[in-house]
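Accompanying notes for the structure given below.
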Amino acid sequence: MIPLIENDGLLYVVPHFIGEQEALQWHERLVSELAWSRESVRIYGRSIQSPRLVSWYGDPEAIYRYSGIVHHPRPWPPLLHEIKTRIENCTGRSFNSVLCNLYRDGNDSMGWHADREKELGCDPCLGSLSLGGTRIFRIRHRKTGETHDIESGNGSLIIMAGRLQHYWRHCVPKSRKAVKARINLSFREILAVSAQG
């Protein structure tokens, strides 16, 4: 794979990691099978309703804290575990958890952020799979302002690694045009906080 970004971190895009039909079938199953919820998150000291639905799955020890919420993982459903294994085989990395995001329409979004929680370790690797509708994944360098808009389509995989979370921020902006529902599966390895000093 050739990285799209290789300065101050690594970002790879695999446009057709999963075939179109299989990805749509997975989308339909996961919309109905996963335990989706709308959370209240704390951003800059304010509590707001999350502009998308989420769910957290993983190994029992993969407890994840972000935006003022402690996420205790639900056990792996067979399909999520199968997807995890495929992405591990592609990346050569191990993942013990997945943050599932459901963007119901163009009003659902993800604000600017970097995945820098201490549970992720110093230089985390994240494998981010999209199923269903196409949305823009936007990434911007913190210092230079360099920006990339990536079409995150059905079956596409984005891999973020190295120092990327230190130097770049990313988001999924709202869409004014009609878009189909999209699931994003963000696979990651959660480390024991005590092991990080």
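We name chains A, B, ... following the order of the structure tokens; residues begin at 1 in each chain, and ligands are numbered from 1 as shown.
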* Expected answer as a ChimeraX atom specification: strand (DSSP E) residues in chain A -> /A:10-14,40-43,46-49,53-58,64-66,69-71,97-103,110-113,126-132,135-141,147-152,157-161,168-172,182-188
Please list as a CSV table (one decimal) with all heavy atoms, in the first residue's frame every residue within 9 Å of segment 121-131 of chain A, counting only C-alpha atoms and excluding residues in the same chain fewer than 2 positions away.
chain,number,residue,atom,x,y,z
A,9,GLY,N,3.2,11.3,10.3
A,9,GLY,CA,2.2,10.2,10.5
A,9,GLY,C,1.9,9.5,9.1
A,9,GLY,O,2.4,9.9,8.1
A,17,PHE,N,-11.8,-2.4,0.0
A,17,PHE,CA,-11.3,-3.4,0.9
A,17,PHE,C,-12.3,-4.6,1.0
A,17,PHE,O,-12.0,-5.8,1.0
A,17,PHE,CB,-11.0,-2.9,2.3
A,17,PHE,CG,-10.6,-3.8,3.3
A,17,PHE,CD1,-9.3,-4.4,3.2
A,17,PHE,CD2,-11.4,-4.3,4.3
A,17,PHE,CE1,-8.8,-5.3,4.1
A,17,PHE,CE2,-10.9,-5.2,5.2
A,17,PHE,CZ,-9.7,-5.7,5.1
A,18,ILE,N,-13.6,-4.2,1.0
A,18,ILE,CA,-14.7,-5.2,1.0
A,18,ILE,C,-15.5,-5.0,-0.3
A,18,ILE,O,-15.8,-3.8,-0.6
A,18,ILE,CB,-15.6,-5.1,2.2
A,18,ILE,CG1,-14.8,-5.2,3.5
A,18,ILE,CG2,-16.7,-6.1,2.2
A,18,ILE,CD1,-14.1,-6.6,3.7
A,20,GLU,N,-18.6,-4.6,-2.9
A,20,GLU,CA,-19.8,-3.8,-2.7
A,20,GLU,C,-21.0,-4.5,-2.1
A,20,GLU,O,-21.6,-4.1,-1.2
A,20,GLU,CB,-20.2,-3.3,-4.1
A,20,GLU,CG,-21.5,-2.4,-4.1
A,20,GLU,CD,-21.2,-0.9,-4.1
A,20,GLU,OE1,-20.0,-0.5,-4.3
A,20,GLU,OE2,-22.1,-0.2,-3.9
A,23,ALA,N,-20.3,-5.7,1.6
A,23,ALA,CA,-20.4,-4.5,2.4
A,23,ALA,C,-21.8,-4.1,2.7
A,23,ALA,O,-22.1,-3.7,3.9
A,23,ALA,CB,-19.6,-3.4,1.8
A,24,LEU,N,-22.7,-4.1,1.7
A,24,LEU,CA,-24.1,-3.7,1.9
A,24,LEU,C,-24.8,-4.7,2.8
A,24,LEU,O,-25.6,-4.3,3.6
A,24,LEU,CB,-24.8,-3.6,0.6
A,24,LEU,CG,-24.4,-2.3,-0.3
A,24,LEU,CD1,-25.1,-2.4,-1.6
A,24,LEU,CD2,-24.8,-1.0,0.4
A,25,GLN,N,-24.5,-6.0,2.6
A,25,GLN,CA,-25.1,-7.0,3.5
A,25,GLN,C,-24.7,-6.8,4.9
A,25,GLN,O,-25.5,-6.9,5.9
A,25,GLN,CB,-24.7,-8.4,3.0
A,25,GLN,CG,-25.4,-8.8,1.7
A,25,GLN,CD,-24.8,-10.0,1.1
A,25,GLN,OE1,-23.9,-10.7,1.7
A,25,GLN,NE2,-25.2,-10.4,-0.1
A,26,TRP,N,-23.4,-6.5,5.1
A,26,TRP,CA,-22.9,-6.3,6.5
A,26,TRP,C,-23.6,-5.0,7.1
A,26,TRP,O,-24.0,-5.0,8.3
A,26,TRP,CB,-21.4,-6.1,6.5
A,26,TRP,CG,-20.6,-7.3,6.2
A,26,TRP,CD1,-21.1,-8.6,6.1
A,26,TRP,CD2,-19.2,-7.4,6.1
A,26,TRP,NE1,-20.0,-9.4,5.9
A,26,TRP,CE2,-18.8,-8.7,5.9
A,26,TRP,CE3,-18.1,-6.4,6.2
A,26,TRP,CZ2,-17.5,-9.2,5.8
A,26,TRP,CZ3,-16.8,-6.9,6.1
A,26,TRP,CH2,-16.5,-8.2,5.9
A,27,HIS,N,-23.7,-4.0,6.3
A,27,HIS,CA,-24.4,-2.8,6.7
A,27,HIS,C,-25.8,-3.1,7.2
A,27,HIS,O,-26.2,-2.7,8.4
A,27,HIS,CB,-24.4,-1.8,5.6
A,27,HIS,CG,-25.2,-0.5,6.0
A,27,HIS,ND1,-26.5,-0.3,5.8
A,27,HIS,CD2,-24.7,0.7,6.5
A,27,HIS,CE1,-26.9,0.9,6.2
A,27,HIS,NE2,-25.8,1.5,6.6
A,84,LYS,N,-13.0,-7.8,12.1
A,84,LYS,CA,-11.7,-7.5,12.8
A,84,LYS,C,-10.6,-8.3,12.3
A,84,LYS,O,-9.5,-7.8,12.1
A,84,LYS,CB,-11.9,-7.7,14.4
A,84,LYS,CG,-10.7,-7.5,15.2
A,84,LYS,CD,-10.9,-7.8,16.7
A,84,LYS,CE,-10.8,-9.2,17.1
A,84,LYS,NZ,-9.3,-9.6,17.3
A,87,ILE,N,-9.3,-7.1,8.9
A,87,ILE,CA,-8.5,-5.9,9.0
A,87,ILE,C,-7.1,-6.2,9.7
A,87,ILE,O,-6.1,-5.6,9.3
A,87,ILE,CB,-9.3,-4.8,9.7
A,87,ILE,CG1,-10.5,-4.4,8.9
A,87,ILE,CG2,-8.4,-3.6,10.0
A,87,ILE,CD1,-11.5,-3.5,9.5
A,88,GLU,N,-7.1,-7.0,10.7
A,88,GLU,CA,-5.8,-7.4,11.3
A,88,GLU,C,-4.9,-8.1,10.3
A,88,GLU,O,-3.7,-7.8,10.2
A,88,GLU,CB,-6.1,-8.4,12.5
A,88,GLU,CG,-6.7,-7.7,13.7
A,88,GLU,CD,-7.0,-8.6,14.8
A,88,GLU,OE1,-7.3,-9.8,14.5
A,88,GLU,OE2,-7.0,-8.2,16.0
A,91,THR,N,-3.5,-5.2,8.0
A,91,THR,CA,-2.7,-4.2,8.7
A,91,THR,C,-1.5,-4.8,9.4
A,91,THR,O,-0.5,-4.1,9.6
A,91,THR,CB,-3.4,-3.4,9.7
A,91,THR,OG1,-3.9,-4.2,10.7
A,91,THR,CG2,-4.6,-2.6,9.0
A,93,ARG,N,-1.6,-5.6,12.4
A,93,ARG,CA,-1.8,-5.2,13.8
A,93,ARG,C,-2.9,-5.9,14.5
A,93,ARG,O,-3.8,-6.5,13.8
A,93,ARG,CB,-2.1,-3.7,13.8
A,93,ARG,CG,-1.1,-2.8,13.1
A,93,ARG,CD,0.3,-2.7,13.9
A,93,ARG,NE,0.1,-2.0,15.1
A,93,ARG,CZ,0.5,-0.7,15.3
A,93,ARG,NH1,0.9,0.0,14.2
A,93,ARG,NH2,0.3,-0.1,16.4
A,95,PHE,N,-6.2,-5.8,17.1
A,95,PHE,CA,-7.2,-4.9,17.7
A,95,PHE,C,-8.0,-5.6,18.7
A,95,PHE,O,-8.4,-6.8,18.5
A,95,PHE,CB,-8.1,-4.3,16.6
A,95,PHE,CG,-7.3,-3.6,15.5
A,95,PHE,CD1,-7.2,-4.2,14.3
A,95,PHE,CD2,-6.8,-2.3,15.7
A,95,PHE,CE1,-6.5,-3.5,13.3
A,95,PHE,CE2,-6.1,-1.7,14.7
A,95,PHE,CZ,-5.9,-2.3,13.5
A,115,ASP,N,-7.6,11.1,17.9
A,115,ASP,CA,-7.7,10.0,18.8
A,115,ASP,C,-6.5,9.8,19.6
A,115,ASP,O,-5.5,9.1,19.3
A,115,ASP,CB,-8.0,8.7,18.0
A,115,ASP,CG,-9.4,8.8,17.3
A,115,ASP,OD1,-10.4,8.8,18.0
A,115,ASP,OD2,-9.4,8.8,16.1
A,116,ARG,N,-6.4,10.6,20.7
A,116,ARG,CA,-5.2,10.7,21.5
A,116,ARG,C,-5.4,10.3,23.0
A,116,ARG,O,-4.6,10.7,23.9
A,116,ARG,CB,-4.6,12.1,21.5
A,116,ARG,CG,-4.2,12.6,20.1
A,116,ARG,CD,-3.7,14.0,20.1
A,116,ARG,NE,-2.5,14.1,20.9
A,116,ARG,CZ,-1.9,15.2,21.2
A,116,ARG,NH1,-2.4,16.4,20.7
A,116,ARG,NH2,-0.8,15.2,21.9
A,117,GLU,N,-6.5,9.6,23.3
A,117,GLU,CA,-6.7,9.2,24.7
A,117,GLU,C,-5.6,8.3,25.1
A,117,GLU,O,-5.1,7.5,24.4
A,117,GLU,CB,-8.1,8.5,24.8
A,117,GLU,CG,-9.3,9.4,24.5
A,117,GLU,CD,-9.6,9.6,23.0
A,117,GLU,OE1,-9.0,8.9,22.2
A,117,GLU,OE2,-10.4,10.5,22.7
A,118,LYS,N,-5.3,8.3,26.4
A,118,LYS,CA,-4.2,7.6,27.0
A,118,LYS,C,-4.4,6.1,26.8
A,118,LYS,O,-3.4,5.4,26.7
A,118,LYS,CB,-3.9,8.0,28.4
A,118,LYS,CG,-5.1,7.7,29.4
A,118,LYS,CD,-4.8,8.2,30.7
A,118,LYS,CE,-6.0,8.1,31.7
A,118,LYS,NZ,-5.7,8.6,33.0
A,119,GLU,N,-5.6,5.6,26.8
A,119,GLU,CA,-5.8,4.2,26.6
A,119,GLU,C,-5.4,3.7,25.2
A,119,GLU,O,-5.2,2.5,25.0
A,119,GLU,CB,-7.3,3.9,26.7
A,119,GLU,CG,-7.9,4.0,28.1
A,119,GLU,CD,-8.4,5.4,28.4
A,119,GLU,OE1,-8.2,6.3,27.6
A,119,GLU,OE2,-9.1,5.6,29.4
A,133,GLY,N,-23.6,4.2,2.8
A,133,GLY,CA,-23.5,5.5,2.1
A,133,GLY,C,-22.1,6.1,2.1
A,133,GLY,O,-21.3,5.8,3.1
A,134,THR,N,-21.8,6.9,1.1
A,134,THR,CA,-20.5,7.6,1.1
A,134,THR,C,-20.5,8.9,1.8
A,134,THR,O,-21.5,9.7,1.7
A,134,THR,CB,-20.1,7.8,-0.4
A,134,THR,OG1,-20.0,6.6,-1.1
A,134,THR,CG2,-18.8,8.6,-0.5
A,135,ARG,N,-19.5,9.1,2.6
A,135,ARG,CA,-19.4,10.4,3.3
A,135,ARG,C,-17.9,10.9,3.2
A,135,ARG,O,-17.0,10.1,2.8
A,135,ARG,CB,-19.7,10.2,4.8
A,135,ARG,CG,-21.1,9.9,5.2
A,135,ARG,CD,-22.1,11.0,4.9
A,135,ARG,NE,-21.9,12.2,5.7
A,135,ARG,CZ,-22.5,12.5,6.8
A,135,ARG,NH1,-23.3,11.6,7.3
A,135,ARG,NH2,-22.2,13.6,7.5
A,152,SER,N,-15.2,8.4,1.6
A,152,SER,CA,-15.2,7.2,2.4
A,152,SER,C,-16.4,6.4,2.0
A,152,SER,O,-17.5,6.6,2.5
A,152,SER,CB,-15.2,7.5,3.9
A,152,SER,OG,-15.0,6.4,4.7
A,153,GLY,N,-16.2,5.6,1.0
A,153,GLY,CA,-17.4,4.9,0.4
A,153,GLY,C,-17.6,3.5,0.9
A,153,GLY,O,-16.9,3.0,1.8
A,154,ASN,N,-18.6,2.8,0.4
A,154,ASN,CA,-19.0,1.5,0.9
A,154,ASN,C,-17.9,0.5,0.7
A,154,ASN,O,-17.4,0.3,-0.4
A,154,ASN,CB,-20.3,1.1,0.0
A,154,ASN,CG,-20.8,-0.3,0.5
A,154,ASN,OD1,-20.9,-0.6,1.7
A,154,ASN,ND2,-21.2,-1.1,-0.5
A,155,GLY,N,-17.5,-0.1,1.8
A,155,GLY,CA,-16.4,-1.1,1.7
A,155,GLY,C,-15.0,-0.6,1.8
A,155,GLY,O,-14.0,-1.3,1.7
A,156,SER,N,-14.8,0.8,1.9
A,156,SER,CA,-13.5,1.4,2.0
A,156,SER,C,-12.9,1.3,3.4
A,156,SER,O,-13.6,1.3,4.4
A,156,SER,CB,-13.5,2.8,1.5
A,156,SER,OG,-14.2,3.6,2.4
A,157,LEU,N,-11.6,1.2,3.4
A,157,LEU,CA,-10.8,1.1,4.6
A,157,LEU,C,-9.8,2.2,4.7
A,157,LEU,O,-9.0,2.5,3.7
A,157,LEU,CB,-10.1,-0.2,4.7
A,157,LEU,CG,-9.2,-0.5,6.0
A,157,LEU,CD1,-10.0,-0.5,7.3
A,157,LEU,CD2,-8.4,-1.7,5.8
A,158,ILE,N,-9.8,3.0,5.8
A,158,ILE,CA,-8.8,4.0,6.1
A,158,ILE,C,-7.9,3.5,7.3
A,158,ILE,O,-8.5,3.1,8.3
A,158,ILE,CB,-9.4,5.4,6.4
A,158,ILE,CG1,-10.1,5.9,5.1
A,158,ILE,CG2,-8.4,6.4,6.9
A,158,ILE,CD1,-10.9,7.2,5.3
A,159,ILE,N,-6.6,3.5,7.1
A,159,ILE,CA,-5.7,3.1,8.2
A,159,ILE,C,-4.9,4.4,8.6
A,159,ILE,O,-4.3,5.0,7.8
A,159,ILE,CB,-4.8,2.0,7.7
A,159,ILE,CG1,-5.6,0.8,7.3
A,159,ILE,CG2,-3.8,1.6,8.9
A,159,ILE,CD1,-4.8,-0.2,6.4
A,160,MET,N,-5.0,4.7,9.9
A,160,MET,CA,-4.2,5.8,10.5
A,160,MET,C,-3.2,5.2,11.4
A,160,MET,O,-3.5,4.4,12.3
A,160,MET,CB,-5.1,6.8,11.2
A,160,MET,CG,-6.2,7.4,10.3
A,160,MET,SD,-7.2,8.6,11.2
A,160,MET,CE,-8.4,7.5,11.9
A,161,ALA,N,-1.9,5.7,11.3
A,161,ALA,CA,-0.9,5.1,12.1
A,161,ALA,C,0.3,6.1,12.3
A,161,ALA,O,0.2,7.2,11.9
A,161,ALA,CB,-0.4,3.8,11.4
A,162,GLY,N,1.3,5.6,13.0
A,162,GLY,CA,2.5,6.4,13.3
A,162,GLY,C,2.1,7.6,14.2
A,162,GLY,O,1.3,7.5,15.1
A,163,ARG,N,2.6,8.8,13.9
A,163,ARG,CA,2.4,10.0,14.7
A,163,ARG,C,1.2,10.8,14.2
A,163,ARG,O,1.0,12.0,14.6
A,163,ARG,CB,3.7,10.9,14.6
A,163,ARG,CG,5.0,10.2,15.0
A,163,ARG,CD,5.0,10.0,16.5
A,163,ARG,NE,5.2,11.2,17.2
A,163,ARG,CZ,5.1,11.3,18.6
A,163,ARG,NH1,4.8,10.2,19.3
A,163,ARG,NH2,5.3,12.4,19.2
A,164,LEU,N,0.4,10.2,13.4
A,164,LEU,CA,-0.7,10.9,12.8
A,164,LEU,C,-1.6,11.7,13.8
A,164,LEU,O,-2.0,12.8,13.6
A,164,LEU,CB,-1.6,10.0,11.9
A,164,LEU,CG,-2.5,10.7,10.9
A,164,LEU,CD1,-1.7,11.0,9.6
A,164,LEU,CD2,-3.7,9.9,10.6
A,165,GLN,N,-2.0,11.0,14.9
A,165,GLN,CA,-2.9,11.6,15.8
A,165,GLN,C,-2.3,12.8,16.6
A,165,GLN,O,-3.0,13.6,17.1
A,165,GLN,CB,-3.4,10.6,16.8
A,165,GLN,CG,-4.0,9.3,16.2
A,165,GLN,CD,-5.3,9.7,15.4
A,165,GLN,OE1,-6.0,10.6,15.7
A,165,GLN,NE2,-5.6,8.8,14.4
A,166,HIS,N,-1.0,12.9,16.5
A,166,HIS,CA,-0.3,14.0,17.2
A,166,HIS,C,-0.3,15.3,16.3
A,166,HIS,O,-0.4,16.4,16.8
A,166,HIS,CB,1.2,13.7,17.5
A,166,HIS,CG,1.4,12.6,18.4
A,166,HIS,ND1,1.4,12.7,19.8
A,166,HIS,CD2,1.5,11.2,18.2
A,166,HIS,CE1,1.6,11.6,20.4
A,166,HIS,NE2,1.6,10.6,19.4
A,181,ALA,N,-27.6,6.1,4.8
A,181,ALA,CA,-27.0,5.8,6.1
A,181,ALA,C,-25.7,5.1,5.9
A,181,ALA,O,-25.5,4.3,5.0
A,181,ALA,CB,-28.0,4.9,6.9
A,182,ARG,N,-24.8,5.4,6.8
A,182,ARG,CA,-23.4,4.9,6.8
A,182,ARG,C,-23.0,4.4,8.2
A,182,ARG,O,-23.3,5.0,9.2
A,182,ARG,CB,-22.4,5.9,6.3
A,182,ARG,CG,-20.9,5.6,6.5
A,182,ARG,CD,-20.1,6.8,6.3
A,182,ARG,NE,-18.7,6.5,6.4
A,182,ARG,CZ,-17.9,7.0,7.4
A,182,ARG,NH1,-18.4,7.8,8.3
A,182,ARG,NH2,-16.6,6.8,7.5
A,183,ILE,N,-22.4,3.2,8.2
A,183,ILE,CA,-21.8,2.7,9.4
A,183,ILE,C,-20.3,2.8,9.3
A,183,ILE,O,-19.7,2.5,8.2
A,183,ILE,CB,-22.1,1.2,9.7
A,183,ILE,CG1,-23.6,1.1,10.1
A,183,ILE,CG2,-21.2,0.6,10.8
A,183,ILE,CD1,-24.1,-0.3,10.3
A,184,ASN,N,-19.6,3.3,10.3
A,184,ASN,CA,-18.2,3.4,10.4
A,184,ASN,C,-17.7,2.5,11.5
A,184,ASN,O,-18.2,2.7,12.7
A,184,ASN,CB,-17.6,4.8,10.6
A,184,ASN,CG,-16.1,4.8,10.8
A,184,ASN,OD1,-15.7,5.0,11.9
A,184,ASN,ND2,-15.4,4.5,9.8
A,185,LEU,N,-16.8,1.6,11.3
A,185,LEU,CA,-16.3,0.7,12.3
A,185,LEU,C,-14.8,1.1,12.5
A,185,LEU,O,-14.0,0.9,11.6
A,185,LEU,CB,-16.4,-0.8,11.9
A,185,LEU,CG,-17.8,-1.3,11.5
A,185,LEU,CD1,-17.7,-2.7,11.0
A,185,LEU,CD2,-18.7,-1.2,12.7
A,186,SER,N,-14.5,1.6,13.7
A,186,SER,CA,-13.2,2.1,14.0
A,186,SER,C,-12.5,1.1,15.0
A,186,SER,O,-12.7,1.2,16.2
A,186,SER,CB,-13.2,3.5,14.6
A,186,SER,OG,-11.9,4.0,14.9
A,187,PHE,N,-11.7,0.2,14.4
A,187,PHE,CA,-11.0,-0.8,15.2
A,187,PHE,C,-9.7,-0.2,15.8
A,187,PHE,O,-9.0,0.5,15.2
A,187,PHE,CB,-10.6,-2.0,14.3
A,187,PHE,CG,-11.8,-2.8,13.9
A,187,PHE,CD1,-12.5,-2.4,12.7
A,187,PHE,CD2,-12.3,-3.8,14.6
A,187,PHE,CE1,-13.7,-3.1,12.3
A,187,PHE,CE2,-13.4,-4.5,14.2
A,187,PHE,CZ,-14.1,-4.2,13.1
A,188,ARG,N,-9.5,-0.6,17.1
A,188,ARG,CA,-8.4,0.0,17.8
A,188,ARG,C,-7.9,-1.0,18.9
A,188,ARG,O,-8.6,-1.9,19.2
A,188,ARG,CB,-8.7,1.4,18.4
A,188,ARG,CG,-10.0,1.3,19.2
A,188,ARG,CD,-10.6,2.7,19.4
A,188,ARG,NE,-11.1,3.4,18.2
A,188,ARG,CZ,-11.3,4.7,18.1
A,188,ARG,NH1,-11.1,5.5,19.1
A,188,ARG,NH2,-11.8,5.2,17.0
A,189,GLU,N,-6.7,-0.7,19.4
A,189,GLU,CA,-6.2,-1.5,20.6
A,189,GLU,C,-6.2,-0.6,21.8
A,189,GLU,O,-5.6,0.5,21.8
A,189,GLU,CB,-4.8,-2.0,20.3
A,189,GLU,CG,-4.3,-2.9,21.5
A,189,GLU,CD,-2.9,-3.4,21.3
A,189,GLU,OE1,-2.3,-3.0,20.3
A,189,GLU,OE2,-2.5,-4.3,22.1
A,190,ILE,N,-7.0,-1.0,22.8
A,190,ILE,CA,-7.0,-0.3,24.1
A,190,ILE,C,-6.0,-0.9,25.0
A,190,ILE,O,-6.0,-2.1,25.2
A,190,ILE,CB,-8.4,-0.4,24.7
A,190,ILE,CG1,-9.5,0.2,23.8
A,190,ILE,CG2,-8.5,0.3,26.1
A,190,ILE,CD1,-9.3,1.7,23.4
A,191,LEU,N,-5.1,-0.1,25.6
A,191,LEU,CA,-4.1,-0.6,26.5
A,191,LEU,C,-4.6,-0.3,27.9
A,191,LEU,O,-5.3,0.6,28.2
A,191,LEU,CB,-2.8,0.2,26.2
A,191,LEU,CG,-2.3,0.2,24.8
A,191,LEU,CD1,-1.1,1.1,24.7
A,191,LEU,CD2,-2.0,-1.2,24.3
A,193,VAL,N,-4.4,1.3,31.3
A,193,VAL,CA,-3.9,2.6,31.7
A,193,VAL,C,-2.7,2.4,32.6
A,193,VAL,O,-1.7,3.2,32.5
A,193,VAL,CB,-5.0,3.4,32.4
A,193,VAL,CG1,-4.5,4.7,32.9
A,193,VAL,CG2,-6.2,3.7,31.4
A,196,GLN,N,0.7,2.2,31.1
A,196,GLN,CA,1.3,3.3,30.4
A,196,GLN,C,2.0,4.4,31.3
A,196,GLN,O,2.4,5.4,30.8
A,196,GLN,CB,0.1,4.1,29.6
A,196,GLN,CG,-0.6,3.1,28.6
A,196,GLN,CD,-1.8,3.8,28.1
A,196,GLN,OE1,-1.7,5.0,27.7
A,196,GLN,NE2,-2.9,3.2,28.0
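Residue nearest Leu30 of chain A, chosen from A:Gly106, A:Gly92, A:Pro60, A:Pro77 and counting only C-alpha atoms: A:Pro77.
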* From the list A:Cys171, A:Val70, A:Ala178, A:Leu120, which residue is nearest Arg104 of chain A when using only C-alpha atoms? ->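 Residue with the minimum atom-to-atom distance to Arg104 of chain A: A:Ala178.
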* Asked: Which residues, written as a list of chain:residue names, have at least one atom at most 7 Å from Ile63 of chain A, with only C-alpha atoms counted and residues fewer than 6 positions away on the same chain left out?
  ->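 Returned residues: A:His71, A:His72, A:Pro73.
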Residue selection dump (all heavy atoms) as a compact mmCIF listing (two decimals), in the first residue's frame:
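The file below, part_19.txt, is the result:
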# COMPACT_ATOMS: atom_id res chain seq x y z
N HIS A 71 -16.73 3.75 28.46
CA HIS A 71 -17.37 2.72 27.64
C HIS A 71 -16.87 1.34 28.08
O HIS A 71 -15.68 1.05 27.96
CB HIS A 71 -17.04 2.92 26.16
CG HIS A 71 -17.66 4.15 25.58
ND1 HIS A 71 -17.12 5.39 25.72
CD2 HIS A 71 -18.80 4.31 24.85
CE1 HIS A 71 -17.88 6.27 25.10
NE2 HIS A 71 -18.91 5.64 24.57
N HIS A 72 -17.78 0.52 28.55
CA HIS A 72 -17.48 -0.88 28.86
C HIS A 72 -17.93 -1.71 27.65
O HIS A 72 -19.09 -1.61 27.22
CB HIS A 72 -18.20 -1.33 30.13
CG HIS A 72 -17.70 -0.63 31.36
ND1 HIS A 72 -16.63 -1.10 32.09
CD2 HIS A 72 -18.09 0.54 31.94
CE1 HIS A 72 -16.40 -0.27 33.10
NE2 HIS A 72 -17.26 0.73 33.03
N PRO A 73 -17.04 -2.52 27.10
CA PRO A 73 -17.37 -3.18 25.83
C PRO A 73 -18.41 -4.29 25.97
O PRO A 73 -18.42 -5.03 26.96
CB PRO A 73 -16.02 -3.77 25.39
CG PRO A 73 -15.27 -3.97 26.67
CD PRO A 73 -15.68 -2.85 27.58
* Structure fact -> As a check of understanding: the span from atom CA of Gln49 of chain A to atom CA of Glu33 of chain A is 22.7 Å
* Pull the alpha helix (DSSP H) assignments for segment 1-192 of chain A out of DSSP run on the backbone, and list those residues as an MDAnalysis selection string. => chainID A and resid 20:33 78:91 164:167
* Tell me which protein, DNA and RNA residues are within 7 Å of segment 136-147 of chain A, counting only C-alpha atoms, leaving out same-chain ones fewer than 5 positions away, and put them as a VMD selection string. => chain A and resid 152 167 to 173
Same residues, N, CA and C atoms, output as a PDB file, in the first residue's frame:
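Now in again00.pdb:
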ATOM      1  N   SER A 152     -15.182   8.435   1.649  1.00  0.00           N
ATOM      2  CA  SER A 152     -15.202   7.198   2.418  1.00  0.00           C
ATOM      3  C   SER A 152     -16.440   6.414   1.998  1.00  0.00           C
ATOM      4  N   TYR A 167      -0.299  15.106  14.972  1.00  0.00           N
ATOM      5  CA  TYR A 167      -0.129  16.235  14.061  1.00  0.00           C
ATOM      6  C   TYR A 167      -1.363  16.553  13.212  1.00  0.00           C
ATOM      7  N   TRP A 168      -2.306  15.636  13.151  1.00  0.00           N
ATOM      8  CA  TRP A 168      -3.473  15.809  12.292  1.00  0.00           C
ATOM      9  C   TRP A 168      -4.755  15.649  13.104  1.00  0.00           C
ATOM     10  N   ARG A 169      -5.816  16.341  12.672  1.00  0.00           N
ATOM     11  CA  ARG A 169      -7.149  16.150  13.215  1.00  0.00           C
ATOM     12  C   ARG A 169      -8.063  15.732  12.075  1.00  0.00           C
ATOM     13  N   HIS A 170      -9.165  15.057  12.399  1.00  0.00           N
ATOM     14  CA  HIS A 170     -10.066  14.595  11.356  1.00  0.00           C
ATOM     15  C   HIS A 170     -11.519  14.755  11.796  1.00  0.00           C
ATOM     16  N   CYS A 171     -12.418  14.725  10.808  1.00  0.00           N
ATOM     17  CA  CYS A 171     -13.841  14.878  11.088  1.00  0.00           C
ATOM     18  C   CYS A 171     -14.646  14.253   9.962  1.00  0.00           C
ATOM     19  N   VAL A 172     -15.944  14.090  10.217  1.00  0.00           N
ATOM     20  CA  VAL A 172     -16.922  13.736   9.186  1.00  0.00           C
ATOM     21  C   VAL A 172     -17.944  14.866   9.200  1.00  0.00           C
ATOM     22  N   PRO A 173     -17.846  15.828   8.270  1.00  0.00           N
ATOM     23  CA  PRO A 173     -18.746  16.990   8.298  1.00  0.00           C
ATOM     24  C   PRO A 173     -20.169  16.635   7.891  1.00  0.00           C
TER      25      PRO A 173
END
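With atom CA of Ser97 of chain A on one side and atom CA of Ser175 of chain A on the other, the separation reads 28.3 Å.
Summary of the local environment: counting only C-alpha atoms, residues at most 8 Å from Gly58 of chain A, other than itself and those fewer than 6 positions away along its chain, are Pro73, Arg74, Pro75, Trp76, Asn96, Ser97 and Val98 of chain A.
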* Asked: Between A:Leu10, A:Ile2, A:Ala35, A:Leu53, which has the minimum distance to Leu102 of chain A (counting only C-alpha atoms)?
  -> A:Leu53
* Structure fact -> Min atom-atom distance to Ile83 of chain A from the set A:Ala192, A:Glu28, A:Asp8, A:Glu22, counting only C-alpha atoms, belongs to A:Glu22
* Using only C-alpha atoms: which of A:Gly19, A:Pro3, A:Pro78, A:Gly68 has the shortest distance to Ser40 of chain A -> A:Gly68
